[in-house]
Amino acid sequence: MDSCKEQEQQGFNQAKFVKVLGPIIVGAGPSGLAVAACLSQHGVPSLILEKNDCIASLWQQKTYDRLKLHLPKQFCELPLRGFPDDFPKYPTKGQFISYMESYASHFRIQPKFNQAVKTTEFDHIKGVWRVQTEDLEYHSRWLIVATGENAEPVIPDIAGYDKFIGNILHTSEYKSGSRFKNQRVLVVGCGNSGMEVSLDLCRHNAIPHMVVRNTVHVLPREMFGMSTFGIAMALLKWLPLRLVDKFLLLVANLILGNTDQLGLKRPKTGPIELKNVTGKTPVLDVGALSQIKSGKIKVMGGVKEVTKNGVKFMNGQEKKFESIILATGYKSNVPTWLKGCDFFTKDGMPKTPFPNGWKGENGLYTVGFTRRGLLGTASDAVKIAQDIGDQWKTIKGNDKSCNSHVIILGKPW
Ligand SMILES: Cc1cc2nc3c(=O)[nH]c(=O)nc-3n(C[C@H](O)[C@H](O)[C@H](O)COP(=O)(O)OP(=O)(O)OC[C@H]3O[C@@H](n4cnc5c(N)ncnc54)[C@H](O)[C@@H]3O)c2cc1C
Ligand SMILES: NC(=O)c1ccc[n+]([C@@H]2O[C@H](COP(=O)([O-])OP(=O)(O)OC[C@H]3O[C@@H](n4cnc5c(N)ncnc54)[C@H](OP(=O)(O)O)[C@@H]3O)[C@@H](O)[C@H]2O)c1
């Protein structure tokens with residue numbers, strides 16, 4: 001270990017303040033890793049602070065076993081290093097995690113784990129971001145927010161939860177349908193998680209009922225042997241968005257039939273336009289629809305209240321359930337820890353829409369908040385690294401001294 005590294009290790013145990021020479025990245029998910037890798041290509045060191053004890057914790061700890069990428073791998077790879085050639089077109093969750101691990105090790109990315117960022121504020125006098133975790137305060141002139149659009153589960157405010165004697169869990173806690181065998185299960189929500197969890201429950205001989213309170217676009221994952229997403233991306237290069245939406249819906253209806261008759265009414269706005277305007281992701285069907293057609297997944301209307309043994313629905317119907325799974329989505333957590341900064345909405349998303357939401361003021365950046373999945377992450381990471389790389393070149397040698405990326409201080413600098 002060189003002397004800087006030794007100093008760093010010892011210092012972390014004693015110091016209250018840590019000066020970080022390069023940017024501080026909050027979050028070691030795909031976005032944090034991608035931006036750290038791109039920065040390293042510009043010779044810029046960075047420090048990732050991660051609240052959990054592993055990289056890609058959403059994927060490792062909060063996703064179900066049967067999860068596979070919905071989009072072909074070329075749309076989900078991070079910059080500078082793609083998926084291995086022998087991975088299938090739609091990698092499994094395990095393969096995605098192994099890709100993330102080899103990505104981090106290839107670029108020698110070593111996040112500091114168990115460092116939940118509690119508060120962050122820009123210090124206008126010193127011109128630095130003050131990033132506080134439980135035991136330390138980190139300072140840097142750059143802050144990169146990489147905590148994700150899906151940082152916390154959304155738990156809807158439905159009356160009567162406390163009366164229910166069965167299990168209530170969010171999809172972020174669901175692993176497999178095996179523990180629900182022969183149970184009547186209510187899945188609240190019909191996004192990609194709700195559909196796939198319902199399908200998984202069918203495969204484990206449970207009896208899923210899925211709440212669809214609103215309209216929803218369901219598209220086949222593939223059309224004519226090609227990914228629907230890939231076709232849409234290609235067509236958008238040549239045709240107006242609304243025409244592409246019309247085409248997708250025409251083919252979807254030919255392949256899937258009229259989903260309205262199954263209780264899955266389509267929104268008036270087309271799937272891509274809706275995604276762009278509201279962020280609502282269309283469902284890419286991987287088998288749930290045929291289970292709905294066969295009656296194995298039952299479609300229900302909105303929930304009025306939870307009772308001791310089940311649920312009362314808006315239409316007055318009442319049904320018994322042993323478990324309730326909330327497939328009600330996720331939200332950003334930025335407003336809980338980033339203070340005094342009006343770059344974000346109250347929902348924790350950048351106010352400036354894509355493609356310009358990656359850069360704020362005073363050295364603030366965001367990666368992975370484009371509502372465009374991993375494709376958006378890759379685009380943000382490249383732009384941020386270029387921008388900070390240009391600034392880094394102009395910084396005097398003294399401020400980049402010591403091969404280490406941090407300097408330990410016992411008092412504020
Ligand atoms: C079930 C599921 C399946 C998905 N499938 C796909 C897919 O196939 N393709 C696709 O493109 N997208 C998919 N997504 C979207 C997914 O969110 C992104 O692919 C990807 O995980 C985003 O990476 P990220 O790094 O921006 O966020 P995350 O993966 O959420 O990583 C953020 C990291 O920040 C950490 N963090 C949060 N708050 C703090 C804090 N205060 N202090 C320190 N660390 C913090 C978290 O612990 C986490 O490790 C899926 C999402 C879900 C929920
Ligand atoms: N294999 C994959 O690649 C994969 C798998 C799963 C998820 N994902 C991705 O992960 C992200 C999150 O997906 P998600 O499905 O977890 O969340 P989501 O897309 O936000 O869907 C949430 C669902 O819950 C419903 N809902 C919310 N509150 C409700 C309430 N009180 N009562 C009834 N329904 C309620 C919503 O209905 P309304 O529309 O009425 O609000 C919506 O149907 C998406 O980007 C998705 O594409 C990908």
# chains A, B, ... in the order shown; residues from 1 in each chain; ligands from 1

$ residues_near_ligand --ligand "ligand 1" --cutoff "6 Å" --atoms "only C-alpha atoms and all ligand atoms" --output "PyMOL selection string"
chain A and resi 26-32+49-52+55-58+63+69-71+76+115-118+146-148+150-151+368+373-374

$ residues_around --residues "A:Met100" --least-positions-apart "2" --cutoff "12 Å" --atoms "only C-alpha atoms" --output "count of residues only"
36

$ closest_residue --among "A:Asn114, A:Thr133, A:Thr352, A:Ser198" --to "ligand 2" --atoms "only C-alpha atoms and all ligand atoms"
A:Ser198

$ residues_near_ligand --ligand "ligand 2" --cutoff "6 Å" --atoms "only C-alpha atoms and all ligand atoms" --output "list in words"
Leu67, Lys68, Leu69, His70, Pro156, Val188, Gly189, Cys190, Gly191, Asn192, Ser193, Gly194, Val211, Arg213, Asn214, Thr281, Gly302, Ala327, Thr328 and Gly329 of chain A

$ closest_residue --among "A:Leu143, A:Lys359, A:Gln391, A:Gly301" --to "A:Met314" --atoms "only C-alpha atoms"
A:Gly301

$ closest_residue --among "A:Gly376, A:Pro350, A:Pro45, A:Gly257" --to "A:Ile25" --atoms "only C-alpha atoms"
A:Pro45

$ decode --residues "stretch 110-133 of chain A" --atoms "N, CA and C atoms" --output "PDB file, in the first residue's frame"
ATOM      1  N   GLN A 110     -13.857   1.295  -6.558  1.00  0.00           N
ATOM      2  CA  GLN A 110     -14.030   0.761  -5.199  1.00  0.00           C
ATOM      3  C   GLN A 110     -14.858   1.741  -4.369  1.00  0.00           C
ATOM      4  N   PRO A 111     -16.178   1.610  -4.428  1.00  0.00           N
ATOM      5  CA  PRO A 111     -17.029   2.540  -3.663  1.00  0.00           C
ATOM      6  C   PRO A 111     -16.782   2.394  -2.168  1.00  0.00           C
ATOM      7  N   LYS A 112     -17.082   3.441  -1.415  1.00  0.00           N
ATOM      8  CA  LYS A 112     -17.098   3.303   0.060  1.00  0.00           C
ATOM      9  C   LYS A 112     -18.515   2.876   0.431  1.00  0.00           C
ATOM     10  N   PHE A 113     -18.628   1.662   0.974  1.00  0.00           N
ATOM     11  CA  PHE A 113     -19.941   1.104   1.291  1.00  0.00           C
ATOM     12  C   PHE A 113     -20.406   1.541   2.679  1.00  0.00           C
ATOM     13  N   ASN A 114     -21.673   1.293   2.954  1.00  0.00           N
ATOM     14  CA  ASN A 114     -22.293   1.642   4.245  1.00  0.00           C
ATOM     15  C   ASN A 114     -22.141   3.126   4.548  1.00  0.00           C
ATOM     16  N   GLN A 115     -22.199   3.940   3.525  1.00  0.00           N
ATOM     17  CA  GLN A 115     -22.086   5.393   3.672  1.00  0.00           C
ATOM     18  C   GLN A 115     -23.364   6.033   3.127  1.00  0.00           C
ATOM     19  N   ALA A 116     -24.435   5.933   3.889  1.00  0.00           N
ATOM     20  CA  ALA A 116     -25.687   6.570   3.463  1.00  0.00           C
ATOM     21  C   ALA A 116     -25.520   8.077   3.584  1.00  0.00           C
ATOM     22  N   VAL A 117     -25.757   8.786   2.504  1.00  0.00           N
ATOM     23  CA  VAL A 117     -25.645  10.244   2.560  1.00  0.00           C
ATOM     24  C   VAL A 117     -26.905  10.795   3.213  1.00  0.00           C
ATOM     25  N   LYS A 118     -26.714  11.526   4.304  1.00  0.00           N
ATOM     26  CA  LYS A 118     -27.848  12.021   5.094  1.00  0.00           C
ATOM     27  C   LYS A 118     -28.254  13.425   4.657  1.00  0.00           C
ATOM     28  N   THR A 119     -27.238  14.283   4.460  1.00  0.00           N
ATOM     29  CA  THR A 119     -27.497  15.674   4.062  1.00  0.00           C
ATOM     30  C   THR A 119     -26.379  16.141   3.141  1.00  0.00           C
ATOM     31  N   THR A 120     -26.750  16.934   2.157  1.00  0.00           N
ATOM     32  CA  THR A 120     -25.752  17.539   1.279  1.00  0.00           C
ATOM     33  C   THR A 120     -26.174  18.959   0.975  1.00  0.00           C
ATOM     34  N   GLU A 121     -25.221  19.862   1.050  1.00  0.00           N
ATOM     35  CA  GLU A 121     -25.515  21.262   0.785  1.00  0.00           C
ATOM     36  C   GLU A 121     -24.311  21.910   0.126  1.00  0.00           C
ATOM     37  N   PHE A 122     -24.573  22.910  -0.721  1.00  0.00           N
ATOM     38  CA  PHE A 122     -23.455  23.645  -1.311  1.00  0.00           C
ATOM     39  C   PHE A 122     -23.056  24.772  -0.370  1.00  0.00           C
ATOM     40  N   ASP A 123     -21.768  24.826  -0.062  1.00  0.00           N
ATOM     41  CA  ASP A 123     -21.249  25.880   0.804  1.00  0.00           C
ATOM     42  C   ASP A 123     -20.785  27.022  -0.108  1.00  0.00           C
ATOM     43  N   HIS A 124     -21.601  28.076  -0.166  1.00  0.00           N
ATOM     44  CA  HIS A 124     -21.327  29.167  -1.116  1.00  0.00           C
ATOM     45  C   HIS A 124     -20.056  29.924  -0.751  1.00  0.00           C
ATOM     46  N   ILE A 125     -19.693  29.926   0.520  1.00  0.00           N
ATOM     47  CA  ILE A 125     -18.488  30.671   0.919  1.00  0.00           C
ATOM     48  C   ILE A 125     -17.232  29.929   0.467  1.00  0.00           C
ATOM     49  N   LYS A 126     -17.188  28.635   0.729  1.00  0.00           N
ATOM     50  CA  LYS A 126     -15.987  27.860   0.366  1.00  0.00           C
ATOM     51  C   LYS A 126     -16.048  27.327  -1.065  1.00  0.00           C
ATOM     52  N   GLY A 127     -17.245  27.364  -1.667  1.00  0.00           N
ATOM     53  CA  GLY A 127     -17.378  26.868  -3.045  1.00  0.00           C
ATOM     54  C   GLY A 127     -17.257  25.351  -3.127  1.00  0.00           C
ATOM     55  N   VAL A 128     -17.723  24.650  -2.093  1.00  0.00           N
ATOM     56  CA  VAL A 128     -17.661  23.179  -2.125  1.00  0.00           C
ATOM     57  C   VAL A 128     -19.010  22.574  -1.714  1.00  0.00           C
ATOM     58  N   TRP A 129     -19.220  21.322  -2.153  1.00  0.00           N
ATOM     59  CA  TRP A 129     -20.373  20.541  -1.678  1.00  0.00           C
ATOM     60  C   TRP A 129     -19.982  19.851  -0.383  1.00  0.00           C
ATOM     61  N   ARG A 130     -20.822  19.990   0.645  1.00  0.00           N
ATOM     62  CA  ARG A 130     -20.564  19.322   1.933  1.00  0.00           C
ATOM     63  C   ARG A 130     -21.518  18.146   2.023  1.00  0.00           C
ATOM     64  N   VAL A 131     -20.949  16.972   1.976  1.00  0.00           N
ATOM     65  CA  VAL A 131     -21.738  15.747   1.895  1.00  0.00           C
ATOM     66  C   VAL A 131     -21.581  14.984   3.205  1.00  0.00           C
ATOM     67  N   GLN A 132     -22.675  14.837   3.945  1.00  0.00           N
ATOM     68  CA  GLN A 132     -22.585  14.235   5.279  1.00  0.00           C
ATOM     69  C   GLN A 132     -23.138  12.825   5.308  1.00  0.00           C
ATOM     70  N   THR A 133     -22.327  11.915   5.858  1.00  0.00           N
ATOM     71  CA  THR A 133     -22.829  10.577   6.154  1.00  0.00           C
ATOM     72  C   THR A 133     -22.918  10.473   7.672  1.00  0.00           C
TER      73      THR A 133
END
